[in-house]
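K.L.:
File input39.tsv follows (TSV, C-alpha atoms):
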```tsv
chain	number	residue	atom	x	y	z
A	1	MET	CA	63.51	-37.03	-25.86
A	2	ASP	CA	64.28	-39.91	-23.53
A	3	LEU	CA	60.82	-40.87	-22.31
A	4	GLU	CA	62.14	-43.67	-20.11
A	5	LYS	CA	63.59	-41.18	-17.66
A	6	TYR	CA	60.05	-39.94	-16.88
A	7	ILE	CA	58.90	-43.42	-15.83
A	8	ARG	CA	59.15	-44.14	-12.11
A	9	ASN	CA	60.07	-47.59	-10.83
A	10	ILE	CA	58.11	-48.75	-7.78
A	11	PRO	CA	59.71	-51.79	-6.16
A	12	ASP	CA	57.44	-54.49	-4.67
A	13	TRP	CA	54.14	-53.09	-5.95
A	14	PRO	CA	51.42	-54.30	-6.17
A	15	LYS	CA	53.23	-57.26	-4.59
A	16	LYS	CA	56.70	-58.32	-3.49
A	17	GLY	CA	59.16	-58.93	-6.30
A	18	VAL	CA	57.34	-56.83	-8.90
A	19	GLN	CA	59.05	-53.71	-10.26
A	20	PHE	CA	56.01	-51.58	-11.17
A	21	LYS	CA	56.45	-49.03	-13.94
A	22	ASP	CA	54.61	-45.87	-12.88
A	23	ILE	CA	53.71	-43.77	-15.93
A	24	THR	CA	51.93	-41.03	-13.95
A	25	THR	CA	55.30	-39.26	-13.70
A	26	LEU	CA	55.44	-39.15	-17.51
A	27	TRP	CA	51.87	-37.93	-17.90
A	28	LYS	CA	52.35	-35.04	-15.49
A	29	GLU	CA	55.19	-33.59	-17.62
A	30	PRO	CA	53.67	-31.62	-20.53
A	31	GLU	CA	56.47	-32.41	-22.98
A	32	ALA	CA	56.50	-36.12	-22.19
A	33	LEU	CA	52.70	-36.36	-22.43
A	34	ARG	CA	52.86	-34.57	-25.77
A	35	GLU	CA	55.67	-36.63	-27.22
A	36	SER	CA	54.31	-40.04	-26.16
A	37	THR	CA	50.90	-39.15	-27.61
A	38	GLU	CA	52.34	-37.88	-30.89
A	39	ILE	CA	54.67	-40.86	-31.38
A	40	ILE	CA	51.72	-43.24	-31.21
A	41	ALA	CA	49.28	-41.10	-33.22
A	42	GLY	CA	51.93	-40.23	-35.83
A	43	ARG	CA	52.57	-43.89	-36.56
A	44	TYR	CA	48.93	-44.47	-37.66
A	45	LYS	CA	48.21	-41.14	-39.33
A	46	ASP	CA	47.53	-42.56	-42.79
A	47	LYS	CA	46.33	-46.01	-41.80
A	48	GLY	CA	42.59	-45.40	-42.02
A	49	ILE	CA	41.94	-46.11	-38.33
A	50	THR	CA	38.23	-45.54	-37.61
A	51	LYS	CA	38.21	-46.54	-33.92
A	52	VAL	CA	40.77	-46.38	-31.14
A	53	VAL	CA	40.03	-48.80	-28.29
A	54	GLY	CA	41.38	-48.31	-24.77
A	55	ALA	CA	40.97	-50.48	-21.66
A	56	GLU	CA	39.91	-49.25	-18.23
A	57	ALA	CA	41.36	-47.30	-16.53
A	58	ARG	CA	44.94	-46.21	-17.35
A	59	GLY	CA	44.47	-47.19	-20.99
A	60	PHE	CA	41.89	-44.40	-21.35
A	61	ILE	CA	44.59	-41.82	-20.58
A	62	VAL	CA	46.72	-42.90	-23.55
A	63	ALA	CA	44.04	-43.96	-26.02
A	64	SER	CA	41.70	-40.98	-25.89
A	65	PRO	CA	44.14	-38.28	-27.11
A	66	VAL	CA	45.38	-40.67	-29.82
A	67	ALA	CA	41.78	-41.04	-31.05
A	68	TYR	CA	41.45	-37.26	-31.04
A	69	LEU	CA	44.64	-36.75	-33.07
A	70	LEU	CA	43.76	-39.46	-35.60
A	71	GLY	CA	40.24	-38.13	-36.10
A	72	SER	CA	38.92	-41.55	-35.03
A	73	GLY	CA	36.20	-42.45	-32.57
A	74	PHE	CA	37.15	-43.60	-29.07
A	75	VAL	CA	35.75	-46.82	-27.59
A	76	PRO	CA	36.19	-47.79	-23.92
A	77	VAL	CA	36.56	-51.45	-22.94
A	78	ARG	CA	35.51	-51.90	-19.32
A	79	LYS	CA	35.19	-54.44	-16.54
A	80	LYS	CA	31.80	-56.14	-16.33
A	81	GLY	CA	29.07	-54.04	-14.72
A	82	LYS	CA	30.46	-50.66	-15.71
A	83	LEU	CA	28.85	-50.08	-19.12
A	84	PRO	CA	25.17	-49.14	-19.22
A	85	TYR	CA	24.03	-50.48	-22.62
A	86	LYS	CA	23.94	-53.93	-24.28
A	87	GLN	CA	27.39	-55.49	-24.40
A	88	VAL	CA	29.64	-58.06	-25.97
A	89	GLU	CA	31.87	-59.73	-23.38
A	90	VAL	CA	34.95	-61.93	-23.10
A	91	VAL	CA	36.04	-63.91	-20.03
A	92	TYR	CA	39.80	-64.19	-19.61
A	93	ASP	CA	42.19	-65.84	-17.17
A	94	LEU	CA	44.01	-64.01	-14.42
A	95	GLU	CA	46.81	-65.44	-12.29
A	96	TYR	CA	44.08	-66.59	-9.91
A	97	GLY	CA	40.57	-66.87	-11.29
A	98	THR	CA	39.01	-65.02	-14.23
A	99	ASP	CA	37.81	-61.58	-15.18
A	100	THR	CA	35.39	-60.25	-17.79
A	101	LEU	CA	35.89	-57.40	-20.25
A	102	THR	CA	32.93	-55.77	-21.98
A	103	VAL	CA	32.26	-53.33	-24.79
A	104	HIS	CA	29.00	-51.82	-26.04
A	105	GLU	CA	27.60	-54.00	-28.83
A	106	ASP	CA	27.21	-51.00	-31.16
A	107	ALA	CA	30.65	-49.50	-30.47
A	108	ILE	CA	32.44	-51.09	-33.43
A	109	GLU	CA	30.92	-51.98	-36.78
A	110	LYS	CA	31.91	-54.90	-38.99
A	111	GLY	CA	34.96	-54.09	-41.10
A	112	GLU	CA	36.15	-51.12	-39.04
A	113	ARG	CA	39.91	-50.62	-38.77
A	114	VAL	CA	40.70	-50.63	-35.06
A	115	LEU	CA	43.80	-49.55	-33.14
A	116	ILE	CA	44.27	-50.85	-29.60
A	117	VAL	CA	46.11	-48.36	-27.36
A	118	ASP	CA	47.13	-49.08	-23.77
A	119	ASP	CA	49.69	-47.85	-21.29
A	120	LEU	CA	51.63	-51.06	-20.68
A	121	LEU	CA	52.01	-54.54	-22.15
A	122	ALA	CA	52.84	-57.10	-19.46
A	123	THR	CA	51.64	-60.73	-19.75
A	124	GLY	CA	49.22	-59.85	-22.55
A	125	GLY	CA	46.06	-61.19	-20.88
A	126	THR	CA	44.10	-57.98	-21.36
A	127	LEU	CA	45.42	-57.56	-24.90
A	128	LYS	CA	44.31	-61.07	-25.92
A	129	ALA	CA	40.86	-60.43	-24.46
A	130	MET	CA	40.58	-57.11	-26.29
A	131	ILE	CA	41.55	-58.68	-29.61
A	132	GLU	CA	38.93	-61.41	-29.08
A	133	LEU	CA	36.31	-58.80	-28.18
A	134	ILE	CA	37.00	-56.69	-31.28
A	135	GLY	CA	37.06	-59.83	-33.45
A	136	LYS	CA	33.62	-60.87	-32.14
A	137	MET	CA	32.27	-57.55	-33.41
A	138	GLY	CA	33.85	-57.96	-36.84
A	139	GLY	CA	36.47	-55.25	-36.37
A	140	GLU	CA	39.95	-55.60	-37.83
A	141	VAL	CA	42.73	-54.91	-35.32
A	142	VAL	CA	45.45	-53.09	-37.26
A	143	GLU	CA	47.99	-52.96	-34.41
A	144	ALA	CA	48.30	-52.63	-30.63
A	145	ALA	CA	50.37	-49.70	-29.32
A	146	PHE	CA	51.79	-49.18	-25.82
A	147	ILE	CA	53.92	-46.65	-24.01
A	148	VAL	CA	55.75	-49.42	-22.12
A	149	GLU	CA	56.42	-53.08	-22.95
A	150	LEU	CA	57.89	-55.55	-20.44
A	151	LEU	CA	59.68	-57.79	-22.94
A	152	PHE	CA	60.68	-60.36	-20.29
A	153	LEU	CA	57.00	-61.25	-19.75
A	154	ASN	CA	56.54	-62.19	-23.44
A	155	GLY	CA	53.11	-60.58	-23.64
A	156	GLY	CA	53.21	-60.53	-27.42
A	157	LYS	CA	53.81	-64.28	-27.72
A	158	GLY	CA	51.07	-66.10	-29.63
A	159	ILE	CA	49.35	-62.86	-30.59
A	160	ASP	CA	48.91	-62.46	-34.34
A	161	VAL	CA	48.43	-58.69	-34.21
A	162	PRO	CA	51.50	-56.43	-34.67
A	163	ILE	CA	52.71	-54.74	-31.49
A	164	PHE	CA	54.37	-51.36	-31.12
A	165	SER	CA	55.83	-49.94	-27.92
A	166	ILE	CA	57.86	-46.83	-27.15
A	167	VAL	CA	59.83	-47.86	-24.04
A	168	LYS	CA	60.98	-51.47	-23.71
A	169	TYR	CA	62.31	-53.17	-20.57
A	170	GLU	CA	64.41	-56.28	-21.27
B	1	MET	CA	27.11	-29.09	-33.78
B	2	ASP	CA	24.40	-30.36	-31.44
B	3	LEU	CA	26.40	-32.55	-29.08
B	4	GLU	CA	23.34	-33.50	-27.03
B	5	LYS	CA	22.03	-35.70	-29.85
B	6	TYR	CA	25.10	-37.96	-29.46
B	7	ILE	CA	24.32	-38.66	-25.79
B	8	ARG	CA	22.27	-41.80	-25.17
B	9	ASN	CA	19.69	-41.93	-22.39
B	10	ILE	CA	19.60	-45.20	-20.43
B	11	PRO	CA	16.46	-45.47	-18.30
B	12	ASP	CA	16.70	-47.12	-14.88
B	13	TRP	CA	20.50	-47.48	-14.82
B	14	PRO	CA	22.38	-48.05	-12.57
B	15	LYS	CA	19.13	-48.24	-10.61
B	16	LYS	CA	15.40	-47.74	-11.08
B	17	GLY	CA	14.31	-44.15	-11.60
B	18	VAL	CA	17.69	-42.88	-12.82
B	19	GLN	CA	18.03	-41.61	-16.41
B	20	PHE	CA	21.69	-42.34	-17.07
B	21	LYS	CA	23.45	-40.17	-19.64
B	22	ASP	CA	25.70	-42.44	-21.71
B	23	ILE	CA	28.51	-40.42	-23.30
B	24	THR	CA	30.19	-43.42	-25.00
B	25	THR	CA	27.95	-42.74	-28.01
B	26	LEU	CA	29.46	-39.26	-28.27
B	27	TRP	CA	33.06	-40.47	-27.87
B	28	LYS	CA	32.70	-43.05	-30.65
B	29	GLU	CA	31.81	-40.34	-33.20
B	30	PRO	CA	35.02	-38.64	-34.41
B	31	GLU	CA	33.42	-35.22	-34.95
B	32	ALA	CA	31.68	-35.21	-31.56
B	33	LEU	CA	34.84	-36.35	-29.76
B	34	ARG	CA	36.78	-33.63	-31.53
B	35	GLU	CA	34.30	-30.85	-30.87
B	36	SER	CA	33.71	-31.65	-27.19
B	37	THR	CA	37.47	-31.78	-26.60
B	38	GLU	CA	38.13	-28.52	-28.43
B	39	ILE	CA	35.30	-26.63	-26.72
B	40	ILE	CA	36.79	-27.40	-23.31
B	41	ALA	CA	40.45	-26.91	-24.28
B	42	GLY	CA	39.67	-23.74	-26.25
B	43	ARG	CA	38.10	-22.12	-23.20
B	44	TYR	CA	41.35	-22.35	-21.18
B	45	LYS	CA	43.90	-21.75	-23.95
B	46	ASP	CA	45.38	-18.59	-22.46
B	47	LYS	CA	44.66	-19.27	-18.79
B	48	GLY	CA	48.08	-20.57	-17.78
B	49	ILE	CA	46.80	-24.02	-16.76
B	50	THR	CA	49.77	-26.17	-15.71
B	51	LYS	CA	47.88	-29.33	-14.70
B	52	VAL	CA	44.64	-30.93	-15.85
B	53	VAL	CA	43.16	-33.31	-13.29
B	54	GLY	CA	40.74	-36.11	-14.21
B	55	ALA	CA	38.97	-38.65	-12.01
B	56	GLU	CA	38.87	-42.40	-12.59
B	57	ALA	CA	37.68	-43.79	-14.93
B	58	ARG	CA	35.47	-41.92	-17.44
B	59	GLY	CA	37.02	-38.60	-16.44
B	60	PHE	CA	40.34	-39.78	-17.90
B	61	ILE	CA	38.74	-39.98	-21.36
B	62	VAL	CA	37.83	-36.28	-21.34
B	63	ALA	CA	40.69	-34.83	-19.31
B	64	SER	CA	43.68	-36.41	-21.02
B	65	PRO	CA	43.17	-34.92	-24.53
B	66	VAL	CA	42.40	-31.53	-22.94
B	67	ALA	CA	45.76	-31.67	-21.13
B	68	TYR	CA	47.44	-32.57	-24.42
B	69	LEU	CA	45.84	-29.63	-26.26
B	70	LEU	CA	46.62	-27.13	-23.49
B	71	GLY	CA	50.25	-28.24	-23.24
B	72	SER	CA	49.60	-29.04	-19.55
B	73	GLY	CA	50.49	-32.11	-17.55
B	74	PHE	CA	47.80	-34.71	-16.81
B	75	VAL	CA	47.14	-35.93	-13.26
B	76	PRO	CA	44.88	-38.91	-12.47
B	77	VAL	CA	42.79	-38.94	-9.30
B	78	ARG	CA	41.97	-42.52	-8.36
B	79	LYS	CA	40.13	-44.65	-5.84
B	80	LYS	CA	42.21	-45.77	-2.88
B	81	GLY	CA	44.56	-48.67	-3.60
B	82	LYS	CA	45.09	-47.92	-7.27
B	83	LEU	CA	48.07	-45.55	-7.21
B	84	PRO	CA	51.52	-47.01	-6.53
B	85	TYR	CA	53.39	-44.09	-4.90
B	86	LYS	CA	52.87	-41.94	-1.77
B	87	GLN	CA	49.49	-40.24	-1.80
B	88	VAL	CA	47.34	-37.47	-0.46
B	89	GLU	CA	43.77	-38.65	0.18
B	90	VAL	CA	40.30	-37.33	0.88
B	91	VAL	CA	37.37	-39.30	2.31
B	92	TYR	CA	33.98	-38.24	0.99
B	93	ASP	CA	30.36	-39.21	1.55
B	94	LEU	CA	28.36	-41.39	-0.80
B	95	GLU	CA	24.62	-42.00	-0.62
B	96	TYR	CA	25.44	-44.93	1.65
B	97	GLY	CA	28.84	-44.92	3.33
B	98	THR	CA	32.05	-43.22	2.23
B	99	ASP	CA	34.72	-43.51	-0.43
B	100	THR	CA	38.31	-42.31	-0.68
B	101	LEU	CA	40.00	-40.46	-3.55
B	102	THR	CA	43.77	-40.32	-3.82
B	103	VAL	CA	46.42	-38.51	-5.83
B	104	HIS	CA	50.21	-38.87	-5.85
B	105	GLU	CA	51.73	-36.44	-3.35
B	106	ASP	CA	54.15	-35.06	-5.97
B	107	ALA	CA	51.57	-34.70	-8.76
B	108	ILE	CA	50.75	-31.03	-8.13
B	109	GLU	CA	53.08	-28.39	-6.76
B	110	LYS	CA	52.10	-25.44	-4.60
B	111	GLY	CA	50.77	-22.55	-6.67
B	112	GLU	CA	50.02	-24.56	-9.81
B	113	ARG	CA	46.99	-23.52	-11.84
B	114	VAL	CA	44.77	-26.57	-12.06
B	115	LEU	CA	41.81	-27.37	-14.30
B	116	ILE	CA	39.44	-30.15	-13.24
B	117	VAL	CA	37.90	-31.98	-16.21
B	118	ASP	CA	35.28	-34.72	-15.91
B	119	ASP	CA	32.58	-36.26	-18.04
B	120	LEU	CA	29.52	-35.45	-15.93
B	121	LEU	CA	28.52	-33.30	-12.97
B	122	ALA	CA	25.74	-34.92	-10.93
B	123	THR	CA	25.51	-34.39	-7.15
B	124	GLY	CA	29.02	-32.92	-6.99
B	125	GLY	CA	30.44	-35.35	-4.40
B	126	THR	CA	33.46	-36.28	-6.50
B	127	LEU	CA	34.01	-32.66	-7.52
B	128	LYS	CA	34.04	-31.46	-3.90
B	129	ALA	CA	36.53	-34.19	-3.00
B	130	MET	CA	38.78	-33.29	-5.93
B	131	ILE	CA	38.78	-29.60	-4.99
B	132	GLU	CA	39.70	-30.53	-1.41
B	133	LEU	CA	42.46	-32.83	-2.65
B	134	ILE	CA	43.99	-30.18	-4.91
B	135	GLY	CA	43.68	-27.57	-2.14
B	136	LYS	CA	45.58	-29.83	0.27
B	137	MET	CA	48.47	-29.85	-2.20
B	138	GLY	CA	48.43	-26.08	-2.57
B	139	GLY	CA	47.09	-26.04	-6.13
B	140	GLU	CA	44.70	-23.35	-7.31
B	141	VAL	CA	41.59	-24.73	-9.05
B	142	VAL	CA	40.84	-22.32	-11.89
B	143	GLU	CA	37.59	-23.98	-13.00
B	144	ALA	CA	35.87	-27.36	-13.34
B	145	ALA	CA	34.69	-28.36	-16.83
B	146	PHE	CA	32.25	-31.11	-17.82
B	147	ILE	CA	30.66	-32.46	-20.98
B	148	VAL	CA	27.32	-32.94	-19.18
B	149	GLU	CA	25.76	-31.22	-16.17
B	150	LEU	CA	22.57	-32.46	-14.47
B	151	LEU	CA	21.30	-29.09	-13.26
B	152	PHE	CA	18.40	-30.61	-11.29
B	153	LEU	CA	20.88	-32.29	-8.93
B	154	ASN	CA	22.47	-28.94	-7.97
B	155	GLY	CA	25.98	-30.36	-7.99
B	156	GLY	CA	27.50	-26.88	-8.17
B	157	LYS	CA	25.76	-25.66	-5.01
B	158	GLY	CA	28.14	-24.60	-2.27
B	159	ILE	CA	31.17	-25.00	-4.50
B	160	ASP	CA	33.27	-21.84	-4.77
B	161	VAL	CA	34.99	-22.88	-7.99
B	162	PRO	CA	33.50	-21.76	-11.34
B	163	ILE	CA	31.80	-24.53	-13.30
B	164	PHE	CA	31.53	-24.91	-17.05
B	165	SER	CA	29.50	-27.56	-18.89
B	166	ILE	CA	28.66	-28.11	-22.54
B	167	VAL	CA	25.34	-29.98	-22.36
B	168	LYS	CA	22.91	-29.15	-19.57
B	169	TYR	CA	19.85	-31.16	-18.51
B	170	GLU	CA	17.25	-29.14	-16.57
```
Could you write out this structure as structure tokens?
P.N.:
Amino acid sequence: MDLEKYIRNIPDWPKKGVQFKDITTLWKEPEALRESTEIIAGRYKDKGITKVVGAEARGFIVASPVAYLLGSGFVPVRKKGKLPYKQVEVVYDLEYGTDTLTVHEDAIEKGERVLIVDDLLATGGTLKAMIELIGKMGGEVVEAAFIVELLFLNGGKGIDVPIFSIVKYE
Amino acid sequence: MDLEKYIRNIPDWPKKGVQFKDITTLWKEPEALRESTEIIAGRYKDKGITKVVGAEARGFIVASPVAYLLGSGFVPVRKKGKLPYKQVEVVYDLEYGTDTLTVHEDAIEKGERVLIVDDLLATGGTLKAMIELIGKMGGEVVEAAFIVELLFLNGGKGIDVPIFSIVKYE
């Protein structure tokens, strides 16, 4: 199945010059939703993953069914102010300014084998912050898996966690 | 399995007097994630659901694996400004002011059988807006399913769509 054909290109969004990859057109097709989920989950079936971590908000859509299929727990990483309990946080750089990602302090235990799952790897800012967050809690990031990777943005550069992606744009 | 014991109560969050029901403690437990997902999906197995709709952001966590299990498509409903393509929108009332929910105009076709899935039913404001949104597109809402329902807030009152919830607080 050619999953790329279900991804819609949106020119000049969210700003001029950006070709945004819209995955909602993949998720609304039952067969494409099924196949993308099973490709990711199938890759980690026997890897002893105990937690799947997804980032707000689109990442939840991909990560949650993967956690279900792997028989792992699901852990949401959210923007500051969204989680109700005690948190671990990481501040990371945006193009202009900074942002903060948080996770509940009891969401991941020391030594757990963690899979990061997100919809799209672009510059890697969120990914780096998630790896730092999981590391602070003593979790071991086994790999980071994406539906789409924008290779020309080099998001995987300088990241010492293996990266897997289904659809790659050169 | 007693799913209620996996839900954490957070007193006075997000504001004084509110007992917030934190479902992240259920999602991080593999067996509780599995059972809550299968209870909802199992209920609609033979109901001809073609689309499962979830609202940003926690709703995505529950709705996406249900769509996967039902062999339906998944459709995200988001706050205004988050979706990249042409949208249908609904303005709804909050305690103070209003908010706007949006969905891609081609996400649901006329006559589709739609299941709404969310984490928690409180006052029902988001649910009402989602029903209106799906109605505008010509979709038929078969039911709305939740992990948690706060019965004392009467969120189902005046809503002519059947409601199902797993854990109820009186």
K.L.:
Which one is closest to A:Ala67: B:Ala32, B:Leu83, B:Val88, B:Val53? Count all atoms listed in the file.
P.N.:
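Counting all atoms listed in the file, the residue closest to A:Ala67 is B:Ala32.
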K.L.:
Taking all atoms listed in the file into account, report as a PyMOL selection string which residues of chain A lie within 10 Å of chain B.
P.N.:
chain A and resi 8-14+20-22+24-35+37-38+50-54+56-76+78+81-85+104+106-108
K.L.:
Could you pull the residues within 12 Å of A:Thr123, counting only C-alpha atoms, minus those fewer than 4 positions along the same chain, as an NGL selection string?
P.N.:
:A and (93-95 or 127-129 or 149-159)
K.L.:
Record the distance separating atom CA of A:Val114 and atom CA of A:Val141, expressed in Å with one decimal.
P.N.:
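So the two atoms, atom CA of A:Val114 and atom CA of A:Val141, lie 4.7 Å apart.
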K.L.:
Rounded to one decimal in Å, what is the spacing between atom CA of B:Gln87 and atom CA of B:Glu132?
P.N.:
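Taking atom CA of B:Gln87 and atom CA of B:Glu132, their separation equals 13.8 Å.
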K.L.:
Which neighbours of B:Thr126 fall inside 9 Å, counting all atoms listed in the file, when residues of the same chain fewer than 5 positions from it are skipped, and could you give them as a PDB file with C-alpha atoms, keeping the file's coordinate frame?
P.N.:
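Contents of around-v1.pdb, freshly written:
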```pdb
ATOM      1  CA  ALA B  55      38.970 -38.650 -12.010  1.00  0.00           C
ATOM      2  CA  TYR B  92      33.980 -38.240   0.990  1.00  0.00           C
ATOM      3  CA  LEU B 101      40.000 -40.460  -3.550  1.00  0.00           C
ATOM      4  CA  LEU B 121      28.520 -33.300 -12.970  1.00  0.00           C
ATOM      5  CA  ILE B 131      38.780 -29.600  -4.990  1.00  0.00           C
TER       6      ILE B 131
END
```
K.L.:
With distances taken over all atoms listed in the file, which of A:Val148, A:Val142, A:Met130, A:Leu3 is nearest to A:Gly111?
P.N.:
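The answer is A:Val142, which sits nearest to A:Gly111.
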K.L.:
What separation in Å, quoted to one decimal, exists between atom CA of B:Gly139 and atom CA of A:Tyr6?
P.N.:
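Straight-line distance from atom CA of B:Gly139 to atom CA of A:Tyr6 works out to 21.8 Å.
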K.L.:
With all atoms listed in the file as the basis for distance, which of A:Ile116, A:Val103, A:Ala144, A:Ala41 is at the shortest distance from A:Lys79?
P.N.:
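The answer is A:Val103, which sits nearest to A:Lys79.
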K.L.:
Give, as lines of an AutoDock Vina configuration file, the centre coordinates and the x, y and z edge lengths in Å to one decimal for an axis-aligned box around all listed atoms of stretch 29-37 of chain A, padded by 4 Å on each side.
P.N.:
```
center_x = 53.7
center_y = -35.8
center_z = -22.6
size_x = 13.6
size_y = 16.4
size_z = 18.0
```
K.L.:
Can you patch up stretch 148-165 of chain B, filling it in to N, CA, C and O atoms, and show the result as a short mmCIF file (atom, residue, chain, number, x, y, z; two decimals), in the coordinates of the input?
P.N.:
```
data_model
loop_
_atom_site.label_atom_id
_atom_site.label_comp_id
_atom_site.auth_asym_id
_atom_site.auth_seq_id
_atom_site.Cartn_x
_atom_site.Cartn_y
_atom_site.Cartn_z
N VAL B 148 28.74 -32.95 -19.56
CA VAL B 148 27.32 -32.94 -19.18
C VAL B 148 27.15 -32.45 -17.75
O VAL B 148 27.92 -32.83 -16.86
N GLU B 149 26.12 -31.63 -17.53
CA GLU B 149 25.76 -31.22 -16.17
C GLU B 149 24.27 -31.51 -15.94
O GLU B 149 23.42 -31.11 -16.75
N LEU B 150 23.97 -32.20 -14.85
CA LEU B 150 22.57 -32.46 -14.47
C LEU B 150 22.14 -31.36 -13.50
O LEU B 150 22.32 -31.48 -12.29
N LEU B 151 21.59 -30.28 -14.07
CA LEU B 151 21.30 -29.09 -13.26
C LEU B 151 20.36 -29.38 -12.11
O LEU B 151 20.48 -28.80 -11.03
N PHE B 152 19.42 -30.33 -12.31
CA PHE B 152 18.40 -30.61 -11.29
C PHE B 152 18.99 -31.27 -10.04
O PHE B 152 18.33 -31.39 -9.02
N LEU B 153 20.24 -31.71 -10.11
CA LEU B 153 20.88 -32.29 -8.93
C LEU B 153 21.71 -31.26 -8.14
O LEU B 153 22.26 -31.57 -7.08
N ASN B 154 21.79 -30.03 -8.68
CA ASN B 154 22.47 -28.94 -7.97
C ASN B 154 23.88 -29.26 -7.51
O ASN B 154 24.28 -28.88 -6.40
N GLY B 155 24.62 -29.95 -8.37
CA GLY B 155 25.98 -30.36 -7.99
C GLY B 155 26.93 -29.20 -7.77
O GLY B 155 27.94 -29.35 -7.07
N GLY B 156 26.61 -28.03 -8.33
CA GLY B 156 27.50 -26.88 -8.17
C GLY B 156 27.24 -26.07 -6.92
O GLY B 156 27.99 -25.16 -6.56
N LYS B 157 26.18 -26.43 -6.19
CA LYS B 157 25.76 -25.66 -5.01
C LYS B 157 26.82 -25.75 -3.91
O LYS B 157 27.30 -26.84 -3.58
N GLY B 158 27.18 -24.61 -3.38
CA GLY B 158 28.14 -24.60 -2.27
C GLY B 158 29.57 -24.83 -2.71
O GLY B 158 30.45 -25.03 -1.87
N ILE B 159 29.80 -24.83 -4.01
CA ILE B 159 31.17 -25.00 -4.50
C ILE B 159 31.67 -23.65 -4.99
O ILE B 159 31.03 -23.01 -5.82
N ASP B 160 32.81 -23.20 -4.43
CA ASP B 160 33.27 -21.84 -4.77
C ASP B 160 34.31 -21.84 -5.90
O ASP B 160 35.18 -20.99 -5.95
N VAL B 161 34.16 -22.82 -6.79
CA VAL B 161 34.99 -22.88 -7.99
C VAL B 161 34.05 -22.71 -9.18
O VAL B 161 32.97 -23.32 -9.18
N PRO B 162 34.41 -21.91 -10.18
CA PRO B 162 33.50 -21.76 -11.34
C PRO B 162 33.33 -23.10 -12.07
O PRO B 162 34.25 -23.91 -12.13
N ILE B 163 32.12 -23.29 -12.61
CA ILE B 163 31.80 -24.53 -13.30
C ILE B 163 31.40 -24.22 -14.74
O ILE B 163 30.65 -23.27 -14.99
N PHE B 164 31.91 -25.03 -15.65
CA PHE B 164 31.53 -24.91 -17.05
C PHE B 164 31.07 -26.28 -17.55
O PHE B 164 31.67 -27.30 -17.23
N SER B 165 29.95 -26.30 -18.28
CA SER B 165 29.50 -27.56 -18.89
C SER B 165 28.96 -27.29 -20.29
O SER B 165 28.45 -26.20 -20.56
#
```
